[in-house]
Amino acid sequence: MGPPVSGRLMELLDAVKSEYDQLAQEVIVCKSQRDEYEHKMNNQIQEMNLFQQNLIDLERTQQIIKKQYEEEIARLRQQLDQQAQHPQHGGGGGVPPQPPTSSAYGPTGYQPQPMDSKPPVHHPSYPPGPPPPTGPHPASSVPIPPHPSTGTPYMNGGSPLPSNAPPPSQLASTRGTGVNPVNKPGAGPLVNNASASEALGDINPENVPANMKVEGQDWFALFNPKATRYLKVDLLHTFDHGSVVCCVKFSADGRFLAAGCNQATYIYDTLTSTRVAVLQDENAGRDGDLYIRSVSFSPDGKFLATGAEDKQIRIWDIAKKRIRGILSGHEQDIYSLEFSRDGRILVSGSGDRTARIWDWQNIRCLHELRITDVDQQDLGVTSVAISPDSRLVAAGSLDKIVRVWDAVTGHLLERLEGHKDSVYSVAFMPDGKTLVSGSLDKTLRMWQLGTGERGYGGERGKSACIQVFTGHKDFVLSVATTPDGNWIVSGSKDRGVQFWDPRTGQTQFMLQGHKNSVISVATSPGHKPMFATGSGDNRARIWSYEPLGPN
């Protein structure tokens, strides 16, 4: 019985060995095929990456060529307009000419009502303001920045402009021609200046004396030849982005600048120009646009509040680059944010017709400041500002009105009327008693707050306007004031930035440093005099302004 069993076992072992050898051979073949497929796939991936890089390069080149064509078309159109309307104004050699204006007043078209004759106190490192005007016009107190204007700013699709304005990509060829300001009843105590100077936008740069202009590689500044020059301006840093720069804001010490763009907020060191943080909510998703339309640093510089199209306010821990908390409640896009100087509250403005006061550390809403005018259709809040003593909240809205509330009680205190179009930006002056607003009507206005002779009836606030600043050729999109109160800064759809003297209403200089609308301007609260600009040309820039030294 033994031999037959042994033979059977050997047969089984041979069968197993044969099957194993066959499987081993198949494994070798499969491995060879896998290696071949991986090699082919890696080659295809490399080819696809090369195609993608070539496509990106082609798109970048196409965008550059497109922008050059748009600029050339806009320049030629402006030259045609100037030849047709102002034959005496020739094109300025190599400098983009400004569209002609029909303004009868220019930057000095209005004189201020007499104000407090005590000049504002300013930090010793800031440029001194102009001396008080002599004669019948005593020095005025410092004004406050303005609010945005009508039409919903930053509509879906990424345009940081109202719904009745073209998107940023079209701004190069759609610049306005200006209109005559009209002093209508109820617009405030304005005085026509018979010797109004020509708007800087109408001046041929070639005709300006060398000591009244500054030129850089891709920017220039024209100083008002009919006003004493007090400042010099220079470009410090340029930051390029992949989308429109909707907002810029300095930290309280001036060390950092935040720029809000599509999907992300970028923080830069203003001394070294290095990027120190990119704040992006990965949970928000990257499908479609999500423009960051407002940013604000906490006073201690540790946190940054951002507002976007998704109706949420995010509080970021900058050092950890993480979200500390989210403030929810607004029903439309967040257009404006500002921390109080004491850091206790955060104020937000939204297209849902409300401004809100938040206890941001405990993530709760303290007051909802709602606009309830039944006779108005466009009531979205486009800009908010908090007074230096944290007691007042100002808001500009699409209905052309600036409103001021008590930040503690939430009660409406003042309703300032006079703008002919939506208010797009507001800011307080350092004295906390004056407010500046910017509008789509192409003007800035300065308002005196808390004057006792005005009642609170239907005409309240009508006579609170003490100065109107004219000279921009298109929408005024943003305003700011310098920490010493000596200057007001404005950015416009006309691509220009202007520095204004709040006492006389005159322009100190006009800066052309962007190829598209200047959507946002901000001044540094720190010791070094700086201001920043954010534009539809995807750039944020930091500039210096300093006192003009002895010749």
# chains A, B, ... in the order shown; residues from 1 in each chain; ligands from 1

call {"tool": "select_by_dssp", "arguments": {"residues": "stretch 277-433 of chain A", "states": "strand (DSSP E)", "output": "number ranges by chain"}}
result
A: 277-279, 292-297, 303-308, 313-317, 322-327, 334-339, 346-350, 354-359, 364-370, 381-386, 392-397, 402-406, 412-416, 425-428

call {"tool": "atom_distance", "arguments": {"atom1": "atom CA of A:Gln448", "atom2": "atom CA of A:Val436"}}
result
9.2 Å

call {"tool": "select_by_dssp", "arguments": {"residues": "stretch 184-327 of chain A", "states": "helix (DSSP H, G or I)", "output": "ChimeraX atom specification"}}
result
/A:200-202,205-207,210-212,282-284

call {"tool": "closest_atom_pairs", "arguments": {"of": "stretch 426-447 of chain A", "to": "stretch 395-402 of chain A", "cutoff": "10 Å", "atoms": "only C-alpha atoms", "output": "tab-separated table"}}
result
residue	atom	partner	partner_atom	distance
A:Val426	CA	A:Gly396	CA	6.2
A:Ala427	CA	A:Ala395	CA	9.0
A:Leu435	CA	A:Val402	CA	9.5
A:Val436	CA	A:Val402	CA	9.7
A:Ser437	CA	A:Gly396	CA	7.6
A:Gly438	CA	A:Gly396	CA	8.8
A:Ser439	CA	A:Lys400	CA	7.8
A:Leu440	CA	A:Lys400	CA	9.0
A:Asp441	CA	A:Lys400	CA	9.3
A:Trp447	CA	A:Val402	CA	9.6

call {"tool": "atom_distance", "arguments": {"atom1": "atom CA of A:Glu368", "atom2": "atom CA of A:Leu412"}}
result
11.3 Å

call {"tool": "atom_distance", "arguments": {"atom1": "atom CA of A:Leu511", "atom2": "atom CA of A:Arg75"}}
result
17.5 Å

call {"tool": "residues_around", "arguments": {"residues": "A:Val404", "least_positions_apart": "4", "cutoff": "12 Å", "atoms": "only C-alpha atoms", "output": "ChimeraX atom specification"}}
result
/A:147,355,369-371,383-387,391-397,410-417,426-428,432-435,447-450,460-461

call {"tool": "write_last_selection", "arguments": {"atoms": "C-alpha atoms", "output": "mmCIF file, in the first residue's frame"}}
result
data_model
loop_
_atom_site.group_PDB
_atom_site.id
_atom_site.type_symbol
_atom_site.label_atom_id
_atom_site.label_comp_id
_atom_site.auth_asym_id
_atom_site.auth_seq_id
_atom_site.Cartn_x
_atom_site.Cartn_y
_atom_site.Cartn_z
ATOM 1 C CA HIS A 147 -19.237 106.552 2.453
ATOM 2 C CA ALA A 355 -25.111 97.996 10.142
ATOM 3 C CA LEU A 369 -28.852 99.452 13.091
ATOM 4 C CA ARG A 370 -31.512 99.067 10.420
ATOM 5 C CA ILE A 371 -32.443 101.579 7.712
ATOM 6 C CA SER A 383 -19.427 101.709 4.400
ATOM 7 C CA VAL A 384 -19.134 102.071 8.179
ATOM 8 C CA ALA A 385 -16.812 104.025 10.458
ATOM 9 C CA ILE A 386 -16.374 104.382 14.237
ATOM 10 C CA SER A 387 -15.405 107.645 15.897
ATOM 11 C CA ARG A 391 -19.117 106.508 20.819
ATOM 12 C CA LEU A 392 -20.464 107.090 17.289
ATOM 13 C CA VAL A 393 -21.055 104.829 14.301
ATOM 14 C CA ALA A 394 -21.433 106.373 10.845
ATOM 15 C CA ALA A 395 -22.756 104.536 7.805
ATOM 16 C CA GLY A 396 -23.040 105.471 4.146
ATOM 17 C CA SER A 397 -25.688 103.833 2.003
ATOM 18 C CA GLY A 410 -28.015 102.063 19.012
ATOM 19 C CA HIS A 411 -30.185 105.211 18.616
ATOM 20 C CA LEU A 412 -30.092 107.176 15.367
ATOM 21 C CA LEU A 413 -28.603 110.638 16.006
ATOM 22 C CA GLU A 414 -28.119 112.300 12.623
ATOM 23 C CA ARG A 415 -29.201 111.898 9.018
ATOM 24 C CA LEU A 416 -26.912 113.799 6.627
ATOM 25 C CA GLU A 417 -28.297 114.583 3.177
ATOM 26 C CA VAL A 426 -17.188 107.282 5.090
ATOM 27 C CA ALA A 427 -14.487 108.046 7.665
ATOM 28 C CA PHE A 428 -14.157 110.077 10.838
ATOM 29 C CA GLY A 432 -14.381 112.794 16.128
ATOM 30 C CA LYS A 433 -16.625 115.771 15.347
ATOM 31 C CA THR A 434 -16.277 115.833 11.569
ATOM 32 C CA LEU A 435 -17.072 113.235 8.966
ATOM 33 C CA TRP A 447 -19.934 117.187 7.641
ATOM 34 C CA GLN A 448 -19.969 118.870 11.037
ATOM 35 C CA LEU A 449 -21.581 116.587 13.616
ATOM 36 C CA GLY A 450 -23.572 117.389 16.728
ATOM 37 C CA ARG A 460 -32.265 117.407 9.886
ATOM 38 C CA GLY A 461 -28.695 117.302 8.654
#

call {"tool": "closest_atom_pairs", "arguments": {"of": "stretch 432-551 of chain A", "to": "stretch 248-262 of chain A", "cutoff": "10 Å", "atoms": "only C-alpha atoms", "output": "JSON lines"}}
result
{"residue": "A:Ile519", "atom": "CA", "partner": "A:Val248", "partner_atom": "CA", "distance": 9.1}
{"residue": "A:Ser520", "atom": "CA", "partner": "A:Val248", "partner_atom": "CA", "distance": 6.1}
{"residue": "A:Val521", "atom": "CA", "partner": "A:Val248", "partner_atom": "CA", "distance": 6.6}
{"residue": "A:Ala522", "atom": "CA", "partner": "A:Lys249", "partner_atom": "CA", "distance": 5.6}
{"residue": "A:Thr523", "atom": "CA", "partner": "A:Phe250", "partner_atom": "CA", "distance": 7.1}
{"residue": "A:Ser524", "atom": "CA", "partner": "A:Gly254", "partner_atom": "CA", "distance": 5.2}
{"residue": "A:Pro525", "atom": "CA", "partner": "A:Ala252", "partner_atom": "CA", "distance": 5.6}
{"residue": "A:Gly526", "atom": "CA", "partner": "A:Gly254", "partner_atom": "CA", "distance": 4.3}
{"residue": "A:His527", "atom": "CA", "partner": "A:Gly254", "partner_atom": "CA", "distance": 7.4}
{"residue": "A:Lys528", "atom": "CA", "partner": "A:Gly254", "partner_atom": "CA", "distance": 7.6}
{"residue": "A:Pro529", "atom": "CA", "partner": "A:Gly254", "partner_atom": "CA", "distance": 9.1}
{"residue": "A:Met530", "atom": "CA", "partner": "A:Gly254", "partner_atom": "CA", "distance": 8.3}
{"residue": "A:Phe531", "atom": "CA", "partner": "A:Phe250", "partner_atom": "CA", "distance": 8.6}
{"residue": "A:Ala532", "atom": "CA", "partner": "A:Val248", "partner_atom": "CA", "distance": 6.8}
{"residue": "A:Thr533", "atom": "CA", "partner": "A:Val248", "partner_atom": "CA", "distance": 6.7}
{"residue": "A:Gly534", "atom": "CA", "partner": "A:Val248", "partner_atom": "CA", "distance": 6.0}
{"residue": "A:Ser535", "atom": "CA", "partner": "A:Val248", "partner_atom": "CA", "distance": 9.5}
{"residue": "A:Asn538", "atom": "CA", "partner": "A:Cys261", "partner_atom": "CA", "distance": 8.4}
{"residue": "A:Arg539", "atom": "CA", "partner": "A:Ala259", "partner_atom": "CA", "distance": 9.4}
{"residue": "A:Ala540", "atom": "CA", "partner": "A:Ala259", "partner_atom": "CA", "distance": 7.1}
{"residue": "A:Arg541", "atom": "CA", "partner": "A:Val248", "partner_atom": "CA", "distance": 9.3}
{"residue": "A:Ile542", "atom": "CA", "partner": "A:Leu257", "partner_atom": "CA", "distance": 8.8}

call {"tool": "write_last_selection", "arguments": {"atoms": "all heavy atoms", "output": "short mmCIF file (atom, residue, chain, number, x, y, z; two decimals), in the first residue's frame"}}
result
data_model
loop_
_atom_site.label_atom_id
_atom_site.label_comp_id
_atom_site.auth_asym_id
_atom_site.auth_seq_id
_atom_site.Cartn_x
_atom_site.Cartn_y
_atom_site.Cartn_z
N ILE A 519 -10.07 101.33 -6.02
CA ILE A 519 -11.25 100.87 -5.28
C ILE A 519 -11.14 101.20 -3.80
O ILE A 519 -12.14 101.47 -3.13
CB ILE A 519 -11.43 99.36 -5.49
CG1 ILE A 519 -11.63 99.06 -6.99
CG2 ILE A 519 -12.60 98.82 -4.69
CD1 ILE A 519 -11.52 97.59 -7.32
N SER A 520 -9.91 101.17 -3.27
CA SER A 520 -9.75 101.35 -1.83
C SER A 520 -8.50 102.17 -1.54
O SER A 520 -7.47 102.00 -2.18
CB SER A 520 -9.63 99.97 -1.15
OG SER A 520 -9.45 100.09 0.25
N VAL A 521 -8.62 103.09 -0.57
CA VAL A 521 -7.46 103.83 -0.06
C VAL A 521 -7.46 103.71 1.46
O VAL A 521 -8.50 103.58 2.09
CB VAL A 521 -7.49 105.33 -0.46
CG1 VAL A 521 -7.34 105.47 -1.96
CG2 VAL A 521 -8.74 106.02 0.04
N ALA A 522 -6.26 103.73 2.03
CA ALA A 522 -6.12 103.65 3.49
C ALA A 522 -4.87 104.40 3.90
O ALA A 522 -3.88 104.40 3.17
CB ALA A 522 -6.04 102.19 3.95
N THR A 523 -4.91 105.04 5.06
CA THR A 523 -3.74 105.72 5.59
C THR A 523 -3.21 104.95 6.79
O THR A 523 -3.96 104.30 7.51
CB THR A 523 -4.08 107.16 6.03
OG1 THR A 523 -5.17 107.12 6.97
CG2 THR A 523 -4.48 108.01 4.83
N SER A 524 -1.90 105.03 6.99
CA SER A 524 -1.28 104.29 8.08
C SER A 524 -1.40 105.07 9.38
O SER A 524 -1.02 106.25 9.44
CB SER A 524 0.19 104.03 7.77
OG SER A 524 0.85 103.50 8.91
N PRO A 525 -1.89 104.43 10.46
CA PRO A 525 -1.95 105.09 11.76
C PRO A 525 -0.60 105.14 12.46
O PRO A 525 -0.47 105.77 13.51
CB PRO A 525 -2.93 104.22 12.57
CG PRO A 525 -3.52 103.25 11.58
CD PRO A 525 -2.53 103.12 10.48
N GLY A 526 0.42 104.49 11.89
CA GLY A 526 1.72 104.41 12.53
C GLY A 526 2.50 105.71 12.43
O GLY A 526 2.02 106.74 11.95
N HIS A 527 3.76 105.65 12.88
CA HIS A 527 4.58 106.86 12.94
C HIS A 527 5.04 107.32 11.56
O HIS A 527 5.28 108.50 11.35
CB HIS A 527 5.80 106.61 13.82
CG HIS A 527 5.44 106.31 15.24
ND1 HIS A 527 4.63 107.13 15.99
CD2 HIS A 527 5.77 105.27 16.07
CE1 HIS A 527 4.49 106.63 17.21
NE2 HIS A 527 5.15 105.49 17.28
N LYS A 528 5.19 106.38 10.62
CA LYS A 528 5.67 106.76 9.29
C LYS A 528 4.48 107.13 8.40
O LYS A 528 3.53 106.37 8.28
CB LYS A 528 6.45 105.60 8.66
CG LYS A 528 7.06 105.97 7.31
CD LYS A 528 7.89 104.82 6.76
CE LYS A 528 8.51 105.21 5.41
NZ LYS A 528 9.35 104.11 4.86
N PRO A 529 4.53 108.31 7.78
CA PRO A 529 3.40 108.72 6.91
C PRO A 529 3.34 107.87 5.65
O PRO A 529 4.19 108.00 4.76
CB PRO A 529 3.72 110.19 6.59
CG PRO A 529 4.76 110.61 7.59
CD PRO A 529 5.53 109.38 7.91
N MET A 530 2.34 107.02 5.56
CA MET A 530 2.15 106.16 4.39
C MET A 530 0.67 106.08 4.08
O MET A 530 -0.18 106.27 4.95
CB MET A 530 2.67 104.74 4.65
CG MET A 530 4.14 104.61 4.92
SD MET A 530 4.64 102.87 5.12
CE MET A 530 3.77 102.42 6.63
N PHE A 531 0.37 105.78 2.83
CA PHE A 531 -0.99 105.43 2.46
C PHE A 531 -0.93 104.29 1.45
O PHE A 531 0.10 104.07 0.80
CB PHE A 531 -1.77 106.64 1.91
CG PHE A 531 -1.30 107.17 0.59
CD1 PHE A 531 -1.92 106.83 -0.61
CD2 PHE A 531 -0.23 108.07 0.53
CE1 PHE A 531 -1.48 107.34 -1.82
CE2 PHE A 531 0.21 108.59 -0.67
CZ PHE A 531 -0.43 108.23 -1.86
N ALA A 532 -2.03 103.55 1.34
CA ALA A 532 -2.08 102.39 0.46
C ALA A 532 -3.26 102.52 -0.48
O ALA A 532 -4.26 103.18 -0.18
CB ALA A 532 -2.20 101.10 1.27
N THR A 533 -3.12 101.89 -1.64
CA THR A 533 -4.18 101.90 -2.65
C THR A 533 -4.41 100.47 -3.14
O THR A 533 -3.48 99.70 -3.29
CB THR A 533 -3.81 102.78 -3.85
OG1 THR A 533 -2.51 102.39 -4.36
CG2 THR A 533 -3.74 104.25 -3.44
N GLY A 534 -5.67 100.13 -3.37
CA GLY A 534 -6.04 98.84 -3.95
C GLY A 534 -6.85 99.09 -5.21
O GLY A 534 -7.70 99.99 -5.23
N SER A 535 -6.60 98.32 -6.26
CA SER A 535 -7.16 98.67 -7.57
C SER A 535 -7.70 97.47 -8.33
O SER A 535 -7.38 96.32 -8.04
CB SER A 535 -6.09 99.38 -8.42
OG SER A 535 -6.50 99.55 -9.76
N ASN A 538 -5.50 94.65 -10.13
CA ASN A 538 -4.96 93.53 -9.35
C ASN A 538 -3.76 93.90 -8.50
O ASN A 538 -3.06 93.02 -7.99
CB ASN A 538 -4.58 92.33 -10.26
CG ASN A 538 -5.75 91.77 -11.03
OD1 ASN A 538 -6.87 92.25 -10.90
ND2 ASN A 538 -5.49 90.76 -11.84
N ARG A 539 -3.54 95.20 -8.31
CA ARG A 539 -2.38 95.64 -7.55
C ARG A 539 -2.78 96.36 -6.27
O ARG A 539 -3.78 97.09 -6.25
CB ARG A 539 -1.51 96.60 -8.37
CG ARG A 539 -0.57 95.93 -9.34
CD ARG A 539 0.27 96.96 -10.06
NE ARG A 539 1.39 96.35 -10.74
CZ ARG A 539 2.32 97.01 -11.42
NH1 ARG A 539 2.24 98.34 -11.50
NH2 ARG A 539 3.31 96.38 -12.00
N ALA A 540 -1.99 96.13 -5.23
CA ALA A 540 -2.03 96.98 -4.04
C ALA A 540 -0.67 97.67 -3.96
O ALA A 540 0.37 97.05 -4.23
CB ALA A 540 -2.27 96.15 -2.78
N ARG A 541 -0.69 98.96 -3.62
CA ARG A 541 0.56 99.71 -3.56
C ARG A 541 0.63 100.51 -2.26
O ARG A 541 -0.40 100.98 -1.77
CB ARG A 541 0.70 100.66 -4.76
CG ARG A 541 0.97 99.92 -6.06
CD ARG A 541 1.24 100.85 -7.23
NE ARG A 541 2.30 100.31 -8.08
CZ ARG A 541 2.75 100.88 -9.19
NH1 ARG A 541 2.26 102.04 -9.58
NH2 ARG A 541 3.72 100.32 -9.88
N ILE A 542 1.84 100.65 -1.74
CA ILE A 542 2.09 101.48 -0.57
C ILE A 542 2.92 102.67 -1.00
O ILE A 542 3.93 102.53 -1.71
CB ILE A 542 2.80 100.70 0.55
CG1 ILE A 542 1.94 99.52 1.02
CG2 ILE A 542 3.13 101.61 1.72
CD1 ILE A 542 2.60 98.68 2.10
#
